[in-house]
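To be precise, the following lines are work.cif, and they hold mmCIF, C-alpha atoms and all ligand atoms.
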```cif
data_final
loop_
_atom_site.label_atom_id
_atom_site.label_comp_id
_atom_site.auth_asym_id
_atom_site.auth_seq_id
_atom_site.Cartn_x
_atom_site.Cartn_y
_atom_site.Cartn_z
CA MET A 59 0.00 0.00 0.00
CA LYS A 60 2.77 2.44 1.03
CA GLU A 61 4.71 1.47 -2.08
CA ASP A 62 1.68 2.30 -4.27
CA TYR A 63 1.39 5.68 -2.59
CA ASP A 64 5.08 6.48 -3.10
CA LEU A 65 4.88 5.39 -6.72
CA SER A 66 1.86 7.63 -7.35
CA LYS A 67 3.47 10.59 -5.62
CA GLU A 68 6.73 10.08 -7.49
CA TYR A 69 4.82 9.78 -10.75
CA ILE A 70 2.84 12.96 -10.05
CA ASP A 71 6.07 14.88 -9.30
CA PHE A 72 7.65 13.42 -12.41
CA ILE A 73 4.87 14.53 -14.74
CA ALA A 74 4.87 18.01 -13.16
CA ARG A 75 8.59 18.32 -13.94
CA ILE A 76 8.13 16.99 -17.47
CA LYS A 77 5.45 19.60 -18.05
CA LEU A 78 7.90 22.36 -17.05
CA LYS A 79 10.71 20.89 -19.12
CA LEU A 80 8.91 19.83 -22.32
CA GLY A 81 5.61 21.73 -22.16
CA ILE A 82 3.68 18.45 -22.43
CA ASP A 83 0.98 17.85 -19.82
CA LEU A 84 0.79 14.10 -19.34
CA ASN A 85 -2.21 14.54 -17.04
CA LEU A 86 -4.27 15.00 -20.18
CA TYR A 87 -3.30 11.56 -21.55
CA LYS A 88 -4.97 8.36 -20.29
CA GLN A 89 -2.99 7.60 -17.15
CA ALA A 90 -2.77 3.80 -16.88
CA GLN A 91 -1.57 3.43 -20.47
CA MET A 92 0.96 6.29 -20.25
CA LYS A 93 2.31 5.17 -16.88
CA ARG A 94 2.85 1.62 -18.18
CA ARG A 95 4.81 2.93 -21.18
CA LEU A 96 6.96 5.24 -19.09
CA ILE A 97 7.74 2.61 -16.44
CA SER A 98 8.75 0.18 -19.15
CA LEU A 99 11.10 2.72 -20.76
CA ARG A 100 12.48 3.83 -17.39
CA ASN A 101 13.21 0.22 -16.35
CA LYS A 102 14.76 -0.54 -19.73
CA ARG A 103 17.27 2.27 -19.11
CA GLY A 104 18.11 0.82 -15.67
CA PHE A 105 16.35 3.30 -13.36
CA THR A 106 14.20 1.96 -10.54
CA SER A 107 12.50 5.22 -9.54
CA PHE A 108 11.03 8.26 -11.29
CA PRO A 109 13.19 10.83 -9.38
CA ALA A 110 16.36 9.02 -10.49
CA TYR A 111 15.08 8.80 -14.06
CA TYR A 112 14.21 12.51 -14.11
CA GLN A 113 17.67 13.48 -12.84
CA ALA A 114 19.20 11.54 -15.71
CA LEU A 115 16.77 13.03 -18.30
CA ASP A 116 17.60 16.49 -17.04
CA LYS A 117 21.30 15.99 -17.77
CA ASP A 118 21.34 13.75 -20.82
CA ASN A 119 19.85 15.06 -24.06
CA VAL A 120 19.99 11.70 -25.82
CA LEU A 121 17.96 10.12 -23.03
CA LEU A 122 15.55 13.07 -23.10
CA LYS A 123 15.04 12.75 -26.85
CA GLU A 124 14.35 9.04 -26.51
CA PHE A 125 11.84 9.82 -23.77
CA ALA A 126 10.08 12.50 -25.85
CA ASP A 127 9.90 10.07 -28.79
CA ARG A 128 8.31 7.41 -26.61
CA LEU A 129 5.59 9.76 -25.35
CA THR A 130 4.12 9.93 -28.80
CA ILE A 131 3.10 6.92 -30.86
CA ASN A 132 3.96 7.79 -34.43
CA VAL A 133 2.61 4.90 -36.48
CA SER A 134 0.99 6.05 -39.72
CA GLU A 135 0.47 5.05 -43.35
CA PHE A 136 -0.93 6.39 -46.62
CA TYR A 137 -4.71 5.95 -46.98
CA ARG A 138 -4.96 4.49 -43.47
CA ASN A 139 -8.36 2.69 -43.31
CA PRO A 140 -8.88 2.94 -47.10
CA LYS A 141 -12.69 2.64 -47.01
CA ARG A 142 -12.87 5.94 -45.10
CA TRP A 143 -10.67 7.59 -47.74
CA GLU A 144 -13.14 6.41 -50.38
CA VAL A 145 -15.93 8.16 -48.45
CA LEU A 146 -13.75 11.27 -48.29
CA LYS A 147 -13.26 11.21 -52.06
CA ASP A 148 -16.76 10.18 -53.16
CA THR A 149 -18.97 11.96 -50.63
CA VAL A 150 -17.20 14.51 -48.46
CA PHE A 151 -15.01 16.34 -50.98
CA PRO A 152 -17.78 16.71 -53.59
CA LEU A 153 -19.97 18.24 -50.90
CA LEU A 154 -17.25 20.55 -49.57
CA LEU A 155 -16.16 21.63 -53.03
CA LYS A 156 -19.55 22.50 -54.47
CA ASN A 157 -19.25 25.92 -56.13
CA ARG A 158 -15.74 26.48 -54.79
CA GLN A 159 -12.30 26.99 -56.26
CA LYS A 160 -10.19 26.59 -53.11
CA ILE A 161 -10.08 24.62 -49.90
CA THR A 162 -8.11 24.84 -46.64
CA ILE A 163 -7.34 21.61 -44.81
CA TRP A 164 -5.67 20.87 -41.46
CA SER A 165 -4.09 17.50 -40.79
CA ALA A 166 -3.72 17.63 -36.98
CA ALA A 167 -1.28 15.15 -35.35
CA CYS A 168 0.06 14.29 -38.79
CA SER A 169 3.05 12.23 -37.61
CA THR A 170 5.54 11.52 -40.44
CA GLY A 171 3.37 13.04 -43.17
CA GLU A 172 1.53 10.08 -44.70
CA GLU A 173 -1.86 11.61 -43.90
CA PRO A 174 -1.40 15.15 -45.32
CA TYR A 175 0.39 13.75 -48.39
CA SER A 176 -2.51 11.30 -48.93
CA ILE A 177 -4.87 14.26 -48.94
CA ALA A 178 -2.65 16.19 -51.36
CA ILE A 179 -2.47 13.17 -53.70
CA MET A 180 -6.26 12.76 -53.62
CA MET A 181 -6.78 16.44 -54.39
CA LYS A 182 -4.26 16.46 -57.27
CA GLU A 183 -5.66 13.29 -58.77
CA PHE A 184 -9.40 13.84 -58.46
CA PHE A 185 -9.96 17.57 -57.87
CA SER A 186 -7.10 19.13 -59.79
CA ASN A 187 -8.97 22.34 -60.59
CA ILE A 188 -9.17 23.25 -56.88
CA ALA A 189 -6.46 25.29 -55.13
CA VAL A 190 -5.57 23.41 -51.98
CA THR A 191 -3.75 24.56 -48.85
CA ILE A 192 -2.83 21.88 -46.33
CA LEU A 193 -1.53 22.70 -42.88
CA ALA A 194 -0.01 19.65 -41.19
CA THR A 195 0.91 19.76 -37.50
CA ASP A 196 2.28 17.53 -34.78
CA ILE A 197 3.68 17.94 -31.27
CA ASP A 198 6.84 16.01 -32.16
CA ALA A 199 9.58 17.93 -34.00
CA ASN A 200 11.33 14.69 -35.04
CA VAL A 201 8.36 13.31 -36.96
CA LEU A 202 7.91 16.68 -38.64
CA ASP A 203 11.52 16.55 -39.89
CA LYS A 204 10.83 13.14 -41.41
CA ALA A 205 7.56 14.36 -42.87
CA LYS A 206 9.32 17.25 -44.62
CA GLN A 207 11.78 14.81 -46.19
CA GLY A 208 8.89 12.75 -47.62
CA ILE A 209 10.81 9.48 -47.95
CA TYR A 210 9.00 6.24 -47.09
CA GLN A 211 9.39 2.49 -46.86
CA GLU A 212 7.15 0.51 -49.22
CA GLN A 213 5.20 -0.87 -46.23
CA SER A 214 3.63 2.53 -45.49
CA LEU A 215 2.26 2.70 -49.06
CA LYS A 216 0.50 -0.65 -49.00
CA GLU A 217 -3.05 0.80 -48.95
CA LEU A 218 -2.42 3.38 -51.66
CA PRO A 219 -3.88 2.34 -55.03
CA PRO A 220 -0.90 1.07 -57.15
CA ARG A 221 -1.63 3.57 -59.91
CA LEU A 222 -1.24 6.48 -57.47
CA LYS A 223 1.88 4.96 -55.96
CA LYS A 224 3.45 4.82 -59.39
CA LYS A 225 2.35 8.29 -60.36
CA TYR A 226 3.27 10.25 -57.22
CA PHE A 227 6.43 8.51 -55.95
CA LYS A 228 9.92 7.95 -57.27
CA GLU A 229 11.47 4.67 -56.19
CA GLU A 230 15.18 4.49 -55.42
CA ASN A 231 17.00 1.78 -53.45
CA GLU A 232 13.71 0.42 -52.09
CA LEU A 233 12.70 3.84 -50.77
CA PHE A 234 9.80 5.90 -52.08
CA TYR A 235 10.19 9.68 -52.56
CA VAL A 236 7.02 11.83 -52.63
CA ASP A 237 6.70 13.92 -55.76
CA PRO A 238 7.71 17.60 -55.24
CA THR A 239 4.34 18.80 -56.60
CA ILE A 240 2.67 16.95 -53.70
CA LYS A 241 5.15 18.24 -51.11
CA GLN A 242 4.47 21.75 -52.30
CA CYS A 243 0.83 21.58 -51.14
CA VAL A 244 1.71 20.90 -47.50
CA THR A 245 3.11 23.22 -44.80
CA PHE A 246 4.37 21.48 -41.67
CA LYS A 247 4.34 23.17 -38.28
CA LYS A 248 4.84 22.16 -34.66
CA HIS A 249 1.59 22.33 -32.67
CA ASN A 250 0.36 20.88 -29.38
CA LEU A 251 -3.37 20.12 -29.55
CA LEU A 252 -3.59 20.37 -25.77
CA ALA A 253 -1.90 23.73 -25.35
CA ASP A 254 -1.53 25.81 -28.51
CA ARG A 255 -3.89 28.18 -30.28
CA TYR A 256 -5.91 26.59 -33.11
CA PRO A 257 -6.10 27.94 -36.67
CA LYS A 258 -9.42 29.30 -37.95
CA ASN A 259 -11.76 28.85 -40.93
CA MET A 260 -10.71 25.33 -41.83
CA ASP A 261 -12.88 23.58 -44.42
CA LEU A 262 -11.69 20.14 -43.37
CA ILE A 263 -9.87 18.99 -40.23
CA VAL A 264 -8.40 15.51 -40.34
CA CYS A 265 -7.44 14.33 -36.85
CA ARG A 266 -7.02 10.58 -36.62
CA ASN A 267 -5.56 8.15 -34.13
CA VAL A 268 -4.42 10.58 -31.48
CA LEU A 269 -7.58 11.41 -29.50
CA ILE A 270 -7.67 7.82 -28.22
CA TYR A 271 -4.64 8.63 -26.05
CA PHE A 272 -6.30 11.62 -24.35
CA THR A 273 -8.49 11.61 -21.23
CA ASP A 274 -12.23 12.20 -21.81
CA GLU A 275 -11.98 15.79 -20.49
CA ALA A 276 -9.05 16.60 -22.76
CA LYS A 277 -10.83 15.02 -25.73
CA GLU A 278 -13.93 17.16 -25.13
CA ARG A 279 -11.83 20.32 -25.01
CA VAL A 280 -10.20 19.36 -28.30
CA TYR A 281 -13.59 18.67 -29.97
CA GLN A 282 -14.81 22.09 -28.82
CA LYS A 283 -11.72 23.77 -30.26
CA PHE A 284 -12.01 21.85 -33.52
CA SER A 285 -15.60 23.01 -33.84
CA HIS A 286 -14.43 26.64 -33.45
CA ALA A 287 -11.61 26.07 -35.92
CA LEU A 288 -14.03 24.92 -38.65
CA GLY A 289 -15.51 27.41 -41.07
CA ARG A 290 -19.14 27.33 -42.19
CA ASN A 291 -20.15 23.74 -43.12
CA GLY A 292 -16.60 22.55 -42.36
CA VAL A 293 -16.01 18.85 -41.72
CA LEU A 294 -14.05 16.96 -39.05
CA PHE A 295 -12.67 13.52 -40.04
CA VAL A 296 -11.67 11.32 -37.06
CA GLY A 297 -10.00 7.91 -36.70
CA SER A 298 -11.71 4.55 -36.91
CA THR A 299 -11.76 4.02 -33.13
CA GLU A 300 -12.75 7.58 -32.36
CA LEU A 301 -16.52 7.77 -32.85
CA MET A 302 -17.97 10.83 -31.17
CA PHE A 303 -20.95 10.04 -28.93
CA ASN A 304 -22.42 13.51 -28.61
CA PRO A 305 -21.42 15.60 -31.65
CA HIS A 306 -24.34 18.02 -31.10
CA LYS A 307 -22.74 19.16 -27.86
CA PHE A 308 -19.96 20.65 -29.99
CA GLY A 309 -22.18 22.10 -32.71
CA LEU A 310 -21.43 19.17 -35.05
CA ALA A 311 -23.72 16.72 -36.87
CA ILE A 312 -22.94 13.26 -38.27
CA LEU A 313 -22.26 13.46 -42.00
CA ASP A 314 -21.07 9.86 -42.44
CA THR A 315 -19.35 7.37 -40.13
CA PHE A 316 -16.28 9.16 -38.69
CA PHE A 317 -17.16 12.45 -40.45
CA TYR A 318 -18.85 15.34 -38.60
CA GLN A 319 -20.07 18.57 -40.13
CA LYS A 320 -20.32 21.92 -38.43
CA MET A 321 -23.97 22.85 -38.06
CA ILE A 322 -25.08 26.19 -39.43
CA LYS A 323 -26.32 28.43 -36.62
C1 LIG A 401 -0.60 7.40 -34.19
S1 LIG A 401 -0.03 8.94 -34.82
C2 LIG A 401 -1.35 9.38 -35.92
C3 LIG A 401 -0.85 9.80 -37.27
C4 LIG A 401 -1.93 10.03 -38.33
N1 LIG A 401 -2.88 11.02 -37.90
C5 LIG A 401 -2.63 8.74 -38.68
O1 LIG A 401 -3.78 8.54 -38.29
O2 LIG A 401 -2.02 7.89 -39.35
C6 LIG A 401 -0.31 10.02 -33.42
C7 LIG A 401 0.44 11.35 -33.51
O3 LIG A 401 -0.10 12.22 -32.52
C8 LIG A 401 0.94 13.07 -32.09
N2 LIG A 401 0.54 13.69 -30.82
C9 LIG A 401 0.48 13.15 -29.58
N3 LIG A 401 0.07 14.05 -28.68
C10 LIG A 401 -0.15 15.22 -29.38
C11 LIG A 401 -0.58 16.51 -29.01
N4 LIG A 401 -0.88 16.82 -27.73
N5 LIG A 401 -0.69 17.47 -29.98
C12 LIG A 401 -0.37 17.17 -31.27
N6 LIG A 401 0.04 15.96 -31.68
C13 LIG A 401 0.15 14.99 -30.74
C14 LIG A 401 2.13 12.14 -32.00
O4 LIG A 401 3.36 12.84 -32.02
C15 LIG A 401 1.92 11.23 -33.20
O5 LIG A 401 2.67 11.67 -34.32
#
```
Spit out the file's structure as C-alpha cells when you get a sec.
Amino acid sequence: MKEDYDLSKEYIDFIARIKLKLGIDLNLYKQAQMKRRLISLRNKRGFTSFPAYYQALDKDNVLLKEFADRLTINVSEFYRNPKRWEVLKDTVFPLLLKNRQKITIWSAACSTGEEPYSIAIMMKEFFSNIAVTILATDIDANVLDKAKQGIYQEQSLKELPPRLKKKYFKEENELFYVDPTIKQCVTFKKHNLLADRYPKNMDLIVCRNVLIYFTDEAKERVYQKFSHALGRNGVLFVGSTELMFNPHKFGLAILDTFFYQKMIK
C-alpha cells in the first residue's frame, strides 16, 4: 500500500517536472496506459525510480530525446483505413467543393506526413482544378523533420492504389520519394493540440488516431476547439476508433461514419 502511494506521488512529481521541461501535460493523456509505457522505458534504461530517471533526463539530451519520442506513438500510413478515404473522395469532398475553387485543410497530429500527403495526392488526382492549402501539424519535431523529407518504406504505401503509388512517388534503393508537386501543397508546423492556439476557418480537419490517447476531459476540449476552428459547413474527419458520442454538444452533426459537419447556426 505504502509502495503504491510512493509510486503515485513520485509519478505525479515526475509529470509536473516533465510539463515544465517539455511543455507536455501528461495529465491529459490516459494515465494507466501512459504510466505503463513510461515505467517500461524507465526500467529498460536501468532506473528503478522516477526521481532518479528525471535526474538523468535532465542531464542527458539523448535520453531526453528518446523519452520524448516514446511519449508519442507515431505509427501512420498512406490511406490508413482505405474505405474511409473512399468516403472522403466520393462523398465529403464533392460536398465541400460544391461551387468552390479553393479549400483549406488541417491534418492535426500528422506524424511523419503520410496523412497530409494522402490528402494532397487525392486532391491532385481527383480535384485538380481546386487550389488546396494543407496545414499539417504535430507535437513532435522529429516526426515533422521526417515528414518534410517525404521518404518512405514501401510498407507505409500498401493501402495506396498502385496507380497512385506509381504516379506520385519515385522509387530508389527500395525507398519511395514523394513527388515535389505533392510536397508543395503541405506546410508542416509544430503544434500541441492540448496547449496551442488553433487555426481558424478550416474547411476540413483531419485528426485521426491521437484522441484515443487523451483523457475524456481533454478530448472534449479538443472537440470544442475543432468546432471553433471549422468554417461554415466545415467537416471533421476522425480515426476509426474515435466515434464521437455527442457531436451536437460541440455544434457538429454526423455526416457519415467518422465524419462530422459543423452545423449552421
Ligand atoms: C498514431 S499517430 C497518428 C498519425 C496520423 N494522424 C494517422 O492517423 O495515421 C499520433 C500522432 O499524434 C501526435 N501527438 C500526440 N500528442 C499530441 C498533441 N498533444 N498534440 C499534437 N500531436 C500529438 C504524436 O506525435 C503522433 O505523431
Box for ligand LIG 401 (chain A) - axis-aligned, 4 Å on each of the six sides, all listed atoms - centre and size in Å to one decimal, as JSON.
```
{"center_x": -0.2, "center_y": 12.4, "center_z": -33.5, "size_x": 15.1, "size_y": 18.1, "size_z": 19.6}
```
(request) Skip A:Ser285 itself and residues of its chain fewer than 2 positions away, then list as a PyMOL selection string all residues within 10 Å of it, counting all atoms listed in the file. (result) chain A and resi 258-260+263+279-283+287-289+292-294+305+308-310+318-321
(request) Could I get the residue neighbourhood of ligand LIG 401 (chain A) at 8 Å, counting all atoms listed in the file, as number ranges by chain? (result) A: 82, 127, 129-136, 138, 165-173, 195-198, 201, 248-253, 264-268, 271, 297
Atoms kept (C-alpha atoms) for selection, written as a compact mmCIF listing (two decimals), in the frame of the given file:
```
# COMPACT_ATOMS: atom_id res chain seq x y z
CA ILE A 82 3.68 18.45 -22.43
CA ASP A 127 9.90 10.07 -28.79
CA LEU A 129 5.59 9.76 -25.35
CA THR A 130 4.12 9.93 -28.80
CA ILE A 131 3.10 6.92 -30.86
CA ASN A 132 3.96 7.79 -34.43
CA VAL A 133 2.61 4.90 -36.48
CA SER A 134 0.99 6.05 -39.72
CA GLU A 135 0.47 5.05 -43.35
CA PHE A 136 -0.93 6.39 -46.62
CA ARG A 138 -4.96 4.49 -43.47
CA SER A 165 -4.09 17.50 -40.79
CA ALA A 166 -3.72 17.63 -36.98
CA ALA A 167 -1.28 15.15 -35.35
CA CYS A 168 0.06 14.29 -38.79
CA SER A 169 3.05 12.23 -37.61
CA THR A 170 5.54 11.52 -40.44
CA GLY A 171 3.37 13.04 -43.17
CA GLU A 172 1.53 10.08 -44.70
CA GLU A 173 -1.86 11.61 -43.90
CA THR A 195 0.91 19.76 -37.50
CA ASP A 196 2.28 17.53 -34.78
CA ILE A 197 3.68 17.94 -31.27
CA ASP A 198 6.84 16.01 -32.16
CA VAL A 201 8.36 13.31 -36.96
CA LYS A 248 4.84 22.16 -34.66
CA HIS A 249 1.59 22.33 -32.67
CA ASN A 250 0.36 20.88 -29.38
CA LEU A 251 -3.37 20.12 -29.55
CA LEU A 252 -3.59 20.37 -25.77
CA ALA A 253 -1.90 23.73 -25.35
CA VAL A 264 -8.40 15.51 -40.34
CA CYS A 265 -7.44 14.33 -36.85
CA ARG A 266 -7.02 10.58 -36.62
CA ASN A 267 -5.56 8.15 -34.13
CA VAL A 268 -4.42 10.58 -31.48
CA TYR A 271 -4.64 8.63 -26.05
CA GLY A 297 -10.00 7.91 -36.70
```
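Nearest residue to A:Pro140, choosing from A:Glu124, A:Leu233, A:Ser98, A:Leu218 and counting only C-alpha atoms: A:Leu218.
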(message) I want to know what sits within 10 Å of A:Tyr175, based on all atoms listed in the file, with residues of the same chain fewer than 5 positions away left out; could you give that as a ChimeraX atom specification?
(response) /A:136-137,165,168,170,180-181,192,194,205,208,226,236-237,240-244
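Checking A:Phe185, A:Ile161, A:Pro238, A:Ile312 one by one against A:Gln207, counting all atoms listed in the file, you find the shortest gap at A:Pro238.
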(request) May I have the protein, DNA and RNA residues with an atom at most 10 Å from (-8.7, 23.4, -49.5), counting all atoms listed in the file in the file's coordinates, returned as a PyMOL selection string? (result) chain A and resi 151+154-155+158-164+177-178+181+188-193+243+260-262
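Coordinates place atom CA of A:Pro109 at a distance of 6.8 Å from atom CA of A:Glu68.
The smallest atom-to-atom distance between A:Ser298 and any of A:Phe246, A:Trp143, A:Tyr235, A:Phe72, using all atoms listed in the file, is found for A:Trp143.
Each of A:Asp203, A:Phe316, A:Arg100, A:Lys79 was checked against A:Asn119 using only C-alpha atoms; the smallest atom-to-atom distance is that of A:Lys79.
Nearest residue to A:Leu215, choosing from A:Lys182, A:Thr239, A:Ser176, A:Tyr111 and counting all atoms listed in the file: A:Ser176.
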(message) Set the distance at 10 Å and use only C-alpha atoms: which residues neighbour A:Lys93 once local chain neighbours fewer than 3 positions away are removed? I'd like the list as an MDAnalysis selection string.
(response) chainID A and resid 66 69 73 84 87:90 96:99
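One distance worth recording is that between atom CA of A:Val145 and atom CA of A:Glu229, which is 28.7 Å.
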(message) To one decimal place in Å, what is the distance between atom CA of A:Phe272 and atom CA of A:Asp314?
(response) 23.4 Å
